[in-house]
Amino acid sequence: MKLDMKQKENNYAFIDSQNVNLSVQELGWKLDFSRFRVYLKEKYGVTMAFLFVGYIEGNNDLYIHLQEAGFICIFKPTLKYKDGTTKGNCDAEMVLHAMIELGNYDKAVIITGDGDFYCLVKYLLGEKKLKALLVPNQFKFSGLLKMKEFGPYLRYMNDLQPKLEYLKKRPHKDET
């Protein structure tokens, strides 16, 4: 019996949820987070997946669903501006948690296209703690993450649509 090496790994994922959502939506599809969590476990040996999200009152069902799918949600309070936009930038929380957890994981999977995470990715690479840098949209992400040294770790979600797209469940023939 052959054991899968991925099962022996203890890798953590750190996910910039806002960047992932907006980037995937720009590609014209919606991410199925339950399928995404399974993918992270099977492809990258992710045992813990931290999802950084701005907390918005009224989205509790979404947050419960994400937690049931296996994500550890790290919430940041949001601010609502006069123009109607809501902002909950979680960048500092993501960097901080990656560092707090550093001794608890073998390698990190960083999921973002935001150049604000350049310093984190560079540090993890230097410490031999970077498993992958998974970018949601390979056609639109920060030039800081395109550095030559990151090349071997860059992965893209563009081609994952068939595996990870959220598909609404169709009603049965009897309309239930």
# chains A, B, ... in the order shown; residues from 1 in each chain; ligands from 1
>>> closest_atom_pairs(of="range 4-112 of chain A", to="range 144-167 of chain A", cutoff="12 Å", atoms="only C-alpha atoms", output="JSON lines")
{"residue": "A:Val20", "atom": "CA", "partner": "A:Met157", "partner_atom": "CA", "distance": 9.2}
{"residue": "A:Asn21", "atom": "CA", "partner": "A:Met157", "partner_atom": "CA", "distance": 11.4}
{"residue": "A:Ser23", "atom": "CA", "partner": "A:Met157", "partner_atom": "CA", "distance": 9.5}
{"residue": "A:Val24", "atom": "CA", "partner": "A:Asn158", "partner_atom": "CA", "distance": 7.9}
{"residue": "A:Gln25", "atom": "CA", "partner": "A:Glu165", "partner_atom": "CA", "distance": 10.5}
{"residue": "A:Glu26", "atom": "CA", "partner": "A:Asn158", "partner_atom": "CA", "distance": 10.6}
{"residue": "A:Leu27", "atom": "CA", "partner": "A:Asn158", "partner_atom": "CA", "distance": 7.6}
{"residue": "A:Gly28", "atom": "CA", "partner": "A:Gln161", "partner_atom": "CA", "distance": 9.5}
{"residue": "A:Trp29", "atom": "CA", "partner": "A:Glu165", "partner_atom": "CA", "distance": 6.4}
{"residue": "A:Lys30", "atom": "CA", "partner": "A:Tyr166", "partner_atom": "CA", "distance": 5.5}
{"residue": "A:Leu31", "atom": "CA", "partner": "A:Glu165", "partner_atom": "CA", "distance": 4.9}
{"residue": "A:Asp32", "atom": "CA", "partner": "A:Tyr166", "partner_atom": "CA", "distance": 4.1}
{"residue": "A:Phe33", "atom": "CA", "partner": "A:Leu164", "partner_atom": "CA", "distance": 7.7}
{"residue": "A:Ser34", "atom": "CA", "partner": "A:Leu164", "partner_atom": "CA", "distance": 8.6}
{"residue": "A:Arg35", "atom": "CA", "partner": "A:Leu164", "partner_atom": "CA", "distance": 5.7}
{"residue": "A:Phe36", "atom": "CA", "partner": "A:Leu164", "partner_atom": "CA", "distance": 5.9}
{"residue": "A:Arg37", "atom": "CA", "partner": "A:Leu164", "partner_atom": "CA", "distance": 9.5}
{"residue": "A:Val38", "atom": "CA", "partner": "A:Leu164", "partner_atom": "CA", "distance": 9.6}
{"residue": "A:Tyr39", "atom": "CA", "partner": "A:Leu164", "partner_atom": "CA", "distance": 8.1}
{"residue": "A:Leu40", "atom": "CA", "partner": "A:Leu164", "partner_atom": "CA", "distance": 10.8}
{"residue": "A:Lys43", "atom": "CA", "partner": "A:Arg155", "partner_atom": "CA", "distance": 11.5}
{"residue": "A:Tyr44", "atom": "CA", "partner": "A:Arg155", "partner_atom": "CA", "distance": 11.3}
{"residue": "A:Lys107", "atom": "CA", "partner": "A:Tyr153", "partner_atom": "CA", "distance": 11.8}
{"residue": "A:Ala108", "atom": "CA", "partner": "A:Tyr153", "partner_atom": "CA", "distance": 10.9}
{"residue": "A:Val109", "atom": "CA", "partner": "A:Tyr153", "partner_atom": "CA", "distance": 9.3}
{"residue": "A:Ile110", "atom": "CA", "partner": "A:Leu154", "partner_atom": "CA", "distance": 9.8}
{"residue": "A:Ile111", "atom": "CA", "partner": "A:Arg155", "partner_atom": "CA", "distance": 9.4}
{"residue": "A:Thr112", "atom": "CA", "partner": "A:Leu145", "partner_atom": "CA", "distance": 9.4}
>>> residues_around(residues="Ala49 in chain A", least_positions_apart="5", cutoff="10 Å", atoms="only C-alpha atoms", output="number ranges by chain")
A: 11-15, 37, 40-41, 67, 70-73, 108-109
>>> closest_residue(among="A:Val46, A:Val53, A:Leu125, A:Ile74", to="Asn10 in chain A", atoms="only C-alpha atoms")
A:Val46
>>> residues_around(residues="Gln18 in chain A", least_positions_apart="4", cutoff="12 Å", atoms="only C-alpha atoms", output="MDAnalysis selection string")
chainID A and resid 22:25 31 51:55 75:76 86:91 94 111:114 136
>>> write_last_selection(atoms="C-alpha atoms", output="compact mmCIF listing (two decimals), in the first residue's frame")
# COMPACT_ATOMS: atom_id res chain seq x y z
CA LEU A 22 -12.68 39.86 -6.77
CA SER A 23 -10.05 38.25 -9.01
CA VAL A 24 -12.09 35.12 -9.69
CA GLN A 25 -15.23 37.18 -10.35
CA LEU A 31 -15.40 30.04 -6.36
CA LEU A 51 -9.32 32.74 5.49
CA PHE A 52 -8.95 36.46 6.16
CA VAL A 53 -12.21 38.31 5.71
CA GLY A 54 -13.77 41.66 6.58
CA TYR A 55 -16.70 41.04 8.92
CA PHE A 75 -12.32 38.47 10.86
CA LYS A 76 -11.44 42.11 10.62
CA THR A 86 -17.21 48.86 2.76
CA LYS A 87 -13.55 48.33 3.58
CA GLY A 88 -12.01 45.63 5.74
CA ASN A 89 -8.36 45.33 4.75
CA CYS A 90 -6.96 42.14 6.29
CA ASP A 91 -3.38 42.31 5.02
CA MET A 94 -2.68 37.67 7.34
CA ILE A 111 -3.19 32.76 -1.82
CA THR A 112 -3.34 36.29 -3.20
CA GLY A 113 -2.32 38.49 -6.08
CA ASP A 114 -1.71 41.51 -3.84
CA PRO A 136 -6.21 33.98 -8.41
>>> select_by_dssp(residues="chain A", states="alpha helix (DSSP H)", output="MDAnalysis selection string")
chainID A and resid 5:8 17:26 33:44 60:68 91:100 118:126 161:164
>>> closest_residue(among="A:Glu9, A:Gly103, A:Leu62, A:Asn19", to="Lys140 in chain A", atoms="only C-alpha atoms")
A:Asn19
>>> select_by_dssp(residues="range 74-103 of chain A", states="strand (DSSP E or B)", output="list in words")
Ile74, Phe75, Lys76, Pro77, Leu79, Lys80, Thr86 and Lys87 of chain A
